[in-house]
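Structure record follows, encoded as structure tokens.
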Amino acid sequence: MSFDALALANAATAALHAYDPGHDLPALRRAHGALLAELGSNENVFGPSPRAVAAMREAIGEAYRYPDPKGGALKQALAAQLGIAIDRIALGNGSHELLMLLAQCFAGPGTSTVYSQFGFAVFPIATAAAGAEGIRVPAYPREHVRRYGHDLDAIAAAVRPDTRLVFLANPNNPTASWFAQGELASLLERVPATALVVVDEAYQEFVDDDGPRSALDLVARHPNLVVTRTFSKAHALAGLRVGYLVADAGVVAVIERLRESFNVNAIALAAAEAALSDQEHLEKARAWTFAERTWLSGELAARGYEVLPSQTNFLLVDLGRDATGLEQHLFARGVIVRPMGGYGLGHTLRISIGRRDENERLLAALP
Ligand code: PMP
């Protein structure tokens, strides 16, 4: 019997590609041990709050039970901290899941989504998985001061009557770029109520005082605004997979229809709630990231590399020529950075801010 599973897959899924992690990290860890510098995945190596770690340990004993399907305690803690009603919050197995759910719930065949040329990779994937058309809007060009960043005017102009989602990331991965709240406010004035504007704020906590303010300030005024956040970055809980979104209660109610009932596991719920209670640790993680970001980008610049301004926990280095050789040179020396060819940015490398010893190994390994 000839059997072709791909031919059976629906058209939207058949058009996708499996996630490419770049390298087999578990195998590399076995091979290099502590000498591996993992600067490829934008993890927060400052580490999680000790309170979160203690909460995980405690939750293990109860993990034979299903988790709270409503995530009530975590939502309550978020609502109190953000000063919003609990029915404006949805929880996800990472914010990635929430981006996918938004597309599944609101986009579909015969509709479109809009995102920037170098917007986060999940935006086109979520769009394709929902069977919608993705409208990719040119980013600011290389010579622009906001190199590769979202052009919010062009994005607003690209919205059509069939557009259901506008995906923005502020700051954005992989470009490390950001936009001001005033620009978002002006886009929100122009996007009709037939489209949701999704602002992915995975890196928001890494914005320093002069950077963009969170779009959360605008949610109360714009029922079609959705803000996604994560515990993976500043809270350093990437391995647990927990994120949340803040939106109009009606949007949350739609998502709840499709959300898998136990999408956030019990250990993640407990850890995220504890992490949220430890603002002091969060502030330390932020301060450490700001200092290391300034130091590493200065060291790279001093060696002649062009580092784009960053309000995230990673740096985008623009080589102005194909970056494959440098990526392989570093890889051969146990330093993992992320090539960006998949984004059409093959002349750049994305480098996460690592521990100081990892960052020093990167600098030492440069040709
Ligand atoms: N948004 C952006 C911009 C990201 O870079 C990432 C992770 N790389 C995510 C969302 C998803 O993060 P998570 O699913 O861990 O919350």
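Residue numbers start at 1 in each chain; chains themselves are named A, B, ... in the order of the structure tokens; ligands are numbered from 1 in the order shown.
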
Would you mind listing what lies within 7 Å of Ala12 of chain A as a VMD selection string, with only C-alpha atoms counted and same-chain residues fewer than 2 positions away left out? chain A and resid 10 14 to 15 128 to 131

Resulting file, chosen residues, all heavy atoms, as an mmCIF file, in the first residue's frame:
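Printed below is selection.cif as written:
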```cif
data_model
loop_
_atom_site.group_PDB
_atom_site.id
_atom_site.type_symbol
_atom_site.label_atom_id
_atom_site.label_comp_id
_atom_site.auth_asym_id
_atom_site.auth_seq_id
_atom_site.Cartn_x
_atom_site.Cartn_y
_atom_site.Cartn_z
ATOM 1 N N ASN A 10 -4.025 18.788 5.499
ATOM 2 C CA ASN A 10 -4.759 19.896 4.886
ATOM 3 C C ASN A 10 -3.781 20.884 4.251
ATOM 4 O O ASN A 10 -2.584 20.910 4.594
ATOM 5 C CB ASN A 10 -5.718 20.564 5.890
ATOM 6 C CG ASN A 10 -5.011 21.205 7.043
ATOM 7 O OD1 ASN A 10 -4.048 21.942 6.846
ATOM 8 N ND2 ASN A 10 -5.465 20.932 8.256
ATOM 9 N N ALA A 14 0.208 21.511 5.048
ATOM 10 C CA ALA A 14 1.181 21.014 4.069
ATOM 11 C C ALA A 14 2.133 22.114 3.610
ATOM 12 O O ALA A 14 3.264 21.840 3.227
ATOM 13 C CB ALA A 14 0.448 20.415 2.875
ATOM 14 N N ALA A 15 1.691 23.364 3.707
ATOM 15 C CA ALA A 15 2.530 24.478 3.257
ATOM 16 C C ALA A 15 3.547 24.889 4.323
ATOM 17 O O ALA A 15 4.428 25.708 4.067
ATOM 18 C CB ALA A 15 1.650 25.669 2.891
ATOM 19 N N ALA A 128 -0.605 30.978 8.212
ATOM 20 C CA ALA A 128 -0.710 29.855 7.270
ATOM 21 C C ALA A 128 -1.486 28.703 7.890
ATOM 22 O O ALA A 128 -2.310 28.064 7.220
ATOM 23 C CB ALA A 128 0.694 29.392 6.863
ATOM 24 N N ALA A 129 -1.252 28.445 9.182
ATOM 25 C CA ALA A 129 -1.939 27.332 9.842
ATOM 26 C C ALA A 129 -3.446 27.555 9.872
ATOM 27 O O ALA A 129 -4.220 26.601 9.870
ATOM 28 C CB ALA A 129 -1.404 27.143 11.254
ATOM 29 N N ALA A 130 -3.846 28.820 9.899
ATOM 30 C CA ALA A 130 -5.279 29.134 9.912
ATOM 31 C C ALA A 130 -5.856 29.180 8.493
ATOM 32 O O ALA A 130 -7.064 29.362 8.317
ATOM 33 C CB ALA A 130 -5.513 30.471 10.611
ATOM 34 N N GLY A 131 -5.003 29.055 7.490
ATOM 35 C CA GLY A 131 -5.471 29.088 6.106
ATOM 36 C C GLY A 131 -5.776 30.493 5.606
ATOM 37 O O GLY A 131 -6.473 30.676 4.611
#
```

From a DSSP pass on the backbone, collect the residues of segment 97-246 of chain A flagged as helix (DSSP H, G or I) and hand them back as a ChimeraX atom specification. /A:97-106,122-129,152-158,181-190,204-206,216-219,238-240

Could you save those same residues with N, CA and C atoms as a CSV table (one decimal), in the first residue's frame?
```
chain,number,residue,atom,x,y,z
A,97,GLU,N,1.7,29.8,21.8
A,97,GLU,CA,0.4,29.2,21.7
A,97,GLU,C,-0.7,30.2,21.5
A,98,LEU,N,-0.6,31.3,22.3
A,98,LEU,CA,-1.6,32.3,22.2
A,98,LEU,C,-1.7,33.0,20.8
A,99,LEU,N,-0.5,33.2,20.2
A,99,LEU,CA,-0.5,33.7,18.9
A,99,LEU,C,-1.1,32.8,17.9
A,100,MET,N,-0.9,31.5,18.0
A,100,MET,CA,-1.5,30.5,17.2
A,100,MET,C,-3.0,30.5,17.4
A,101,LEU,N,-3.4,30.5,18.7
A,101,LEU,CA,-4.9,30.5,19.0
A,101,LEU,C,-5.6,31.7,18.4
A,102,LEU,N,-4.9,32.9,18.5
A,102,LEU,CA,-5.6,34.1,18.0
A,102,LEU,C,-5.9,33.9,16.5
A,103,ALA,N,-4.9,33.3,15.8
A,103,ALA,CA,-5.1,33.1,14.3
A,103,ALA,C,-6.2,32.1,14.1
A,104,GLN,N,-6.2,31.0,14.9
A,104,GLN,CA,-7.2,30.0,14.7
A,104,GLN,C,-8.6,30.5,15.0
A,105,CYS,N,-8.7,31.4,16.0
A,105,CYS,CA,-10.0,31.9,16.4
A,105,CYS,C,-10.5,33.0,15.4
A,106,PHE,N,-9.6,33.8,14.9
A,106,PHE,CA,-10.1,35.0,14.3
A,106,PHE,C,-9.7,35.1,12.8
A,122,VAL,N,6.6,33.5,14.1
A,122,VAL,CA,5.3,32.8,14.3
A,122,VAL,C,4.1,33.5,13.6
A,123,PHE,N,4.3,34.8,13.3
A,123,PHE,CA,3.1,35.5,12.7
A,123,PHE,C,2.7,34.9,11.4
A,124,PRO,N,3.7,34.7,10.4
A,124,PRO,CA,3.3,34.0,9.2
A,124,PRO,C,2.9,32.5,9.4
A,125,ILE,N,3.5,31.9,10.4
A,125,ILE,CA,3.2,30.5,10.6
A,125,ILE,C,1.7,30.4,11.1
A,126,ALA,N,1.4,31.2,12.1
A,126,ALA,CA,0.0,31.2,12.6
A,126,ALA,C,-1.0,31.5,11.5
A,127,THR,N,-0.6,32.4,10.7
A,127,THR,CA,-1.5,32.8,9.5
A,127,THR,C,-1.7,31.6,8.6
A,128,ALA,N,-0.6,31.0,8.2
A,128,ALA,CA,-0.7,29.9,7.3
A,128,ALA,C,-1.5,28.7,7.9
A,129,ALA,N,-1.3,28.4,9.2
A,129,ALA,CA,-1.9,27.3,9.8
A,129,ALA,C,-3.4,27.6,9.9
A,152,LEU,N,4.9,51.4,10.9
A,152,LEU,CA,3.5,51.3,11.3
A,152,LEU,C,2.6,52.1,10.3
A,153,ASP,N,3.0,53.1,9.7
A,153,ASP,CA,2.2,53.8,8.7
A,153,ASP,C,1.9,52.8,7.5
A,154,ALA,N,2.9,52.1,7.0
A,154,ALA,CA,2.7,51.2,5.9
A,154,ALA,C,1.8,50.0,6.4
A,155,ILE,N,2.0,49.6,7.6
A,155,ILE,CA,1.2,48.5,8.1
A,155,ILE,C,-0.3,48.9,8.2
A,156,ALA,N,-0.5,50.1,8.8
A,156,ALA,CA,-1.9,50.5,8.9
A,156,ALA,C,-2.6,50.6,7.5
A,157,ALA,N,-1.8,51.1,6.5
A,157,ALA,CA,-2.3,51.3,5.1
A,157,ALA,C,-2.6,49.9,4.5
A,158,ALA,N,-1.9,48.9,4.9
A,158,ALA,CA,-2.1,47.6,4.3
A,158,ALA,C,-3.3,46.8,4.8
A,181,GLN,N,4.9,54.4,21.7
A,181,GLN,CA,3.5,54.2,21.9
A,181,GLN,C,2.6,55.2,21.1
A,182,GLY,N,3.1,56.4,20.8
A,182,GLY,CA,2.4,57.3,20.0
A,182,GLY,C,2.1,56.7,18.6
A,183,GLU,N,3.0,56.0,18.1
A,183,GLU,CA,2.9,55.4,16.7
A,183,GLU,C,1.8,54.3,16.8
A,184,LEU,N,1.8,53.6,17.9
A,184,LEU,CA,0.8,52.5,18.0
A,184,LEU,C,-0.6,53.2,18.2
A,185,ALA,N,-0.7,54.2,19.0
A,185,ALA,CA,-2.0,54.9,19.2
A,185,ALA,C,-2.5,55.4,17.8
A,186,SER,N,-1.6,55.9,17.0
A,186,SER,CA,-2.1,56.4,15.7
A,186,SER,C,-2.5,55.3,14.8
A,187,LEU,N,-1.8,54.1,14.8
A,187,LEU,CA,-2.2,53.0,14.1
A,187,LEU,C,-3.6,52.5,14.5
A,188,LEU,N,-3.8,52.5,15.9
A,188,LEU,CA,-5.1,52.0,16.4
A,188,LEU,C,-6.2,52.9,15.9
A,189,GLU,N,-6.0,54.2,15.7
A,189,GLU,CA,-7.0,55.1,15.2
A,189,GLU,C,-7.4,54.7,13.8
A,190,ARG,N,-6.4,54.1,13.1
A,190,ARG,CA,-6.7,53.9,11.6
A,190,ARG,C,-7.2,52.5,11.3
A,204,GLN,N,9.1,43.0,26.5
A,204,GLN,CA,8.8,44.3,27.0
A,204,GLN,C,9.6,44.7,28.3
A,205,GLU,N,9.8,43.7,29.1
A,205,GLU,CA,10.5,44.0,30.4
A,205,GLU,C,12.0,44.4,30.2
A,206,PHE,N,12.5,44.1,29.0
A,206,PHE,CA,13.9,44.5,28.7
A,206,PHE,C,14.0,45.9,28.1
A,216,LEU,N,-0.2,47.9,27.1
A,216,LEU,CA,-1.3,47.6,28.1
A,216,LEU,C,-2.0,48.9,28.5
A,217,ASP,N,-1.3,50.0,28.4
A,217,ASP,CA,-2.0,51.3,28.8
A,217,ASP,C,-3.2,51.6,27.9
A,218,LEU,N,-3.1,51.0,26.7
A,218,LEU,CA,-4.1,51.4,25.6
A,218,LEU,C,-5.3,50.4,25.5
A,219,VAL,N,-5.1,49.2,26.2
A,219,VAL,CA,-6.1,48.2,26.0
A,219,VAL,C,-7.5,48.6,26.4
A,238,ALA,N,11.5,29.9,30.5
A,238,ALA,CA,11.2,29.4,29.1
A,238,ALA,C,10.9,28.0,29.1
A,239,GLY,N,11.5,27.2,29.9
A,239,GLY,CA,11.3,25.7,29.9
A,239,GLY,C,10.0,25.3,30.4
A,240,LEU,N,9.3,26.2,31.1
A,240,LEU,CA,8.0,25.8,31.6
A,240,LEU,C,6.8,26.1,30.6
```

Tell me which protein, DNA and RNA residues are within 7 Å of Thr312 of chain A, counting only C-alpha atoms, leaving out same-chain ones fewer than 5 positions away, and put them as a PyMOL selection string. chain A and resi 171+176+203+206-207

Write out, as a compact mmCIF listing (two decimals), in the first residue's frame, the residues just selected, with C-alpha atoms.
```
# COMPACT_ATOMS: atom_id res chain seq x y z
CA PRO A 171 10.29 45.06 20.69
CA ALA A 176 15.57 44.07 18.24
CA TYR A 203 10.64 41.35 25.45
CA PHE A 206 13.90 44.50 28.70
CA VAL A 207 12.93 47.97 27.60
```

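For the choices A:Gly94, A:Pro48, A:Gly325, A:Gly72, the atom-to-atom distance to ligand 1 is smallest for A:Gly94 when using only C-alpha atoms and all ligand atoms.
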
If we count only C-alpha atoms and set the cut-off at 10 Å, which residues sit around Arg293 of chain A, ignoring sequence neighbours fewer than 5 positions away in its own chain? Please answer as a PyMOL selection string. chain A and resi 206+287-288+298-299+309-315+352-354

Shortest interatomic distance to ligand 1 - which of A:Ala169, A:Ala195, A:Ala285, A:Ile267, counting only C-alpha atoms and all ligand atoms: A:Ala169

Within 6 Å of ligand 1 (only C-alpha atoms and all ligand atoms), residues as a VMD selection string: chain A and resid 94 to 96 120 169 172 to 173 200 202 230 232 238 241 243

Identify, on the basis of only C-alpha atoms, every residue whose closest approach to Val252 of chain A does not exceed 10 Å; exclude the query and any residue fewer than 2 positions from it along the same chain; express the result as number ranges by chain. A: 87-91, 102, 226, 245-250, 254-257

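The closest residue to Ala55 of chain A, picked from A:Val317, A:Val335, A:Leu269, A:Ala139 and counting only C-alpha atoms, is A:Leu269.
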
List the neighbours of segment 25-31 of chain A out to 10 Å using only C-alpha atoms; skip same-chain residues closer than 5 positions along the sequence, and give me the result as a count of residues only. 5

So what do you get for atom CA of Ala77 of chain A versus atom CA of Ala253 of chain A, distance-wise? 19.4 Å

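Note that atom CA of Tyr115 of chain A and atom CA of Trp178 of chain A are 14.0 Å apart.
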
DSSP says strand (DSSP E) for which residues of segment 76-317 of chain A? Put them as a PyMOL selection string? chain A and resi 89-92+112-116+133-137+163-169+196-200+225-230+243-246+306-307+314-317

Keeping only N, CA and C atoms, write the selected residues as a CSV table (one decimal), in the first residue's frame.
```csv
chain,number,residue,atom,x,y,z
A,89,ILE,N,-7.9,38.4,30.8
A,89,ILE,CA,-6.7,37.6,30.7
A,89,ILE,C,-6.9,36.2,30.2
A,90,ALA,N,-6.1,35.8,29.3
A,90,ALA,CA,-6.1,34.4,28.9
A,90,ALA,C,-4.6,33.9,29.1
A,91,LEU,N,-4.5,32.6,29.5
A,91,LEU,CA,-3.2,32.0,29.7
A,91,LEU,C,-2.9,31.1,28.5
A,92,GLY,N,-1.6,30.9,28.2
A,92,GLY,CA,-1.2,30.1,27.1
A,92,GLY,C,0.1,29.3,27.5
A,112,SER,N,-7.4,37.8,5.9
A,112,SER,CA,-5.9,38.1,5.8
A,112,SER,C,-5.4,38.6,7.2
A,113,THR,N,-4.1,38.5,7.3
A,113,THR,CA,-3.4,39.1,8.5
A,113,THR,C,-2.3,40.0,7.9
A,114,VAL,N,-1.9,40.9,8.7
A,114,VAL,CA,-0.9,41.9,8.3
A,114,VAL,C,0.3,41.8,9.3
A,115,TYR,N,1.5,41.8,8.8
A,115,TYR,CA,2.7,41.9,9.7
A,115,TYR,C,3.9,42.4,8.9
A,116,SER,N,4.9,42.8,9.7
A,116,SER,CA,6.1,43.4,9.0
A,116,SER,C,7.0,42.3,8.4
A,133,GLU,N,-4.5,34.5,4.4
A,133,GLU,CA,-3.5,35.1,3.6
A,133,GLU,C,-2.7,36.1,4.4
A,134,GLY,N,-1.3,35.9,4.3
A,134,GLY,CA,-0.5,36.8,5.1
A,134,GLY,C,0.0,38.0,4.2
A,135,ILE,N,-0.3,39.2,4.7
A,135,ILE,CA,0.2,40.4,4.0
A,135,ILE,C,1.5,40.9,4.7
A,136,ARG,N,2.6,40.8,3.9
A,136,ARG,CA,3.9,41.1,4.5
A,136,ARG,C,4.3,42.5,4.1
A,137,VAL,N,4.4,43.4,5.0
A,137,VAL,CA,4.6,44.8,4.7
A,137,VAL,C,6.1,45.1,4.8
A,163,THR,N,-9.1,41.8,6.6
A,163,THR,CA,-8.0,41.6,7.6
A,163,THR,C,-8.6,41.4,9.0
A,164,ARG,N,-8.2,40.3,9.6
A,164,ARG,CA,-8.7,40.0,11.0
A,164,ARG,C,-7.7,40.2,12.0
A,165,LEU,N,-6.4,40.2,11.7
A,165,LEU,CA,-5.3,40.4,12.7
A,165,LEU,C,-4.2,41.2,12.1
A,166,VAL,N,-3.7,42.1,12.9
A,166,VAL,CA,-2.5,42.8,12.6
A,166,VAL,C,-1.5,42.4,13.7
A,167,PHE,N,-0.4,41.8,13.3
A,167,PHE,CA,0.6,41.3,14.2
A,167,PHE,C,1.8,42.3,14.3
A,168,LEU,N,2.0,42.8,15.5
A,168,LEU,CA,3.2,43.6,15.8
A,168,LEU,C,4.0,43.0,16.9
A,169,ALA,N,5.3,43.2,16.9
A,169,ALA,CA,6.1,42.8,18.1
A,169,ALA,C,6.9,44.0,18.5
A,196,LEU,N,-8.2,42.7,14.7
A,196,LEU,CA,-7.6,42.8,16.0
A,196,LEU,C,-6.1,43.3,15.8
A,197,VAL,N,-5.6,44.1,16.7
A,197,VAL,CA,-4.2,44.5,16.6
A,197,VAL,C,-3.5,43.8,17.8
A,198,VAL,N,-2.6,42.9,17.4
A,198,VAL,CA,-2.0,42.1,18.4
A,198,VAL,C,-0.6,42.6,18.6
A,199,VAL,N,-0.2,43.1,19.8
A,199,VAL,CA,1.1,43.5,20.1
A,199,VAL,C,1.8,42.5,21.0
A,200,ASP,N,2.8,41.9,20.4
A,200,ASP,CA,3.6,40.8,21.1
A,200,ASP,C,4.7,41.5,21.9
A,225,LEU,N,-7.6,45.8,20.7
A,225,LEU,CA,-6.2,45.6,21.0
A,225,LEU,C,-5.9,44.4,21.9
A,226,VAL,N,-4.9,43.6,21.5
A,226,VAL,CA,-4.6,42.4,22.3
A,226,VAL,C,-3.1,42.5,22.5
A,227,VAL,N,-2.7,42.3,23.8
A,227,VAL,CA,-1.3,42.4,24.2
A,227,VAL,C,-0.9,41.0,24.7
A,228,THR,N,0.2,40.4,24.1
A,228,THR,CA,0.7,39.1,24.5
A,228,THR,C,2.0,39.3,25.3
A,229,ARG,N,2.1,38.5,26.3
A,229,ARG,CA,3.3,38.6,27.2
A,229,ARG,C,3.8,37.2,27.5
A,230,THR,N,5.0,37.1,28.1
A,230,THR,CA,5.5,35.7,28.4
A,230,THR,C,6.3,35.7,29.7
A,243,GLY,N,2.6,31.8,29.1
A,243,GLY,CA,2.4,33.2,28.6
A,243,GLY,C,1.0,33.6,28.9
A,244,TYR,N,0.7,34.9,28.6
A,244,TYR,CA,-0.6,35.4,28.8
A,244,TYR,C,-0.9,36.5,27.8
A,245,LEU,N,-2.2,36.7,27.7
A,245,LEU,CA,-2.6,37.9,26.9
A,245,LEU,C,-3.6,38.7,27.6
A,246,VAL,N,-3.7,40.0,27.3
A,246,VAL,CA,-4.6,40.9,27.9
A,246,VAL,C,-5.4,41.5,26.7
A,306,GLU,N,28.8,46.0,13.4
A,306,GLU,CA,27.7,46.9,13.4
A,306,GLU,C,26.5,46.2,14.2
A,307,VAL,N,26.3,46.8,15.4
A,307,VAL,CA,25.2,46.2,16.3
A,307,VAL,C,24.0,47.1,16.2
A,314,PHE,N,18.9,40.4,23.3
A,314,PHE,CA,19.7,39.9,22.3
A,314,PHE,C,20.2,41.0,21.4
A,315,LEU,N,21.2,40.8,20.6
A,315,LEU,CA,21.7,41.8,19.7
A,315,LEU,C,21.6,41.3,18.3
A,316,LEU,N,21.3,42.1,17.3
A,316,LEU,CA,21.3,41.7,15.9
A,316,LEU,C,22.6,42.5,15.3
A,317,VAL,N,23.5,41.6,14.8
A,317,VAL,CA,24.7,42.2,14.3
A,317,VAL,C,24.6,42.1,12.7
```

Could you state the separation of atom CA of Val53 of chain A and atom CA of Tyr19 of chain A in Å, given to one decimal place? 28.7 Å

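Minimum atom-to-atom distance to Ala274 of chain A, evaluated using only C-alpha atoms, belongs to A:Glu58 out of A:Asp4, A:Glu360, A:Glu58, A:Asp24.
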
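Here the question is which of A:Gly304, A:Pro109, A:Gly47, A:Gly149 gets nearest to Ala132 of chain A using only C-alpha atoms, and that residue is A:Pro109.
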
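Checking A:Gly108, A:Pro69, A:Gly346, A:Pro339 one by one against Val264 of chain A, counting only C-alpha atoms, you find the shortest gap at A:Pro69.
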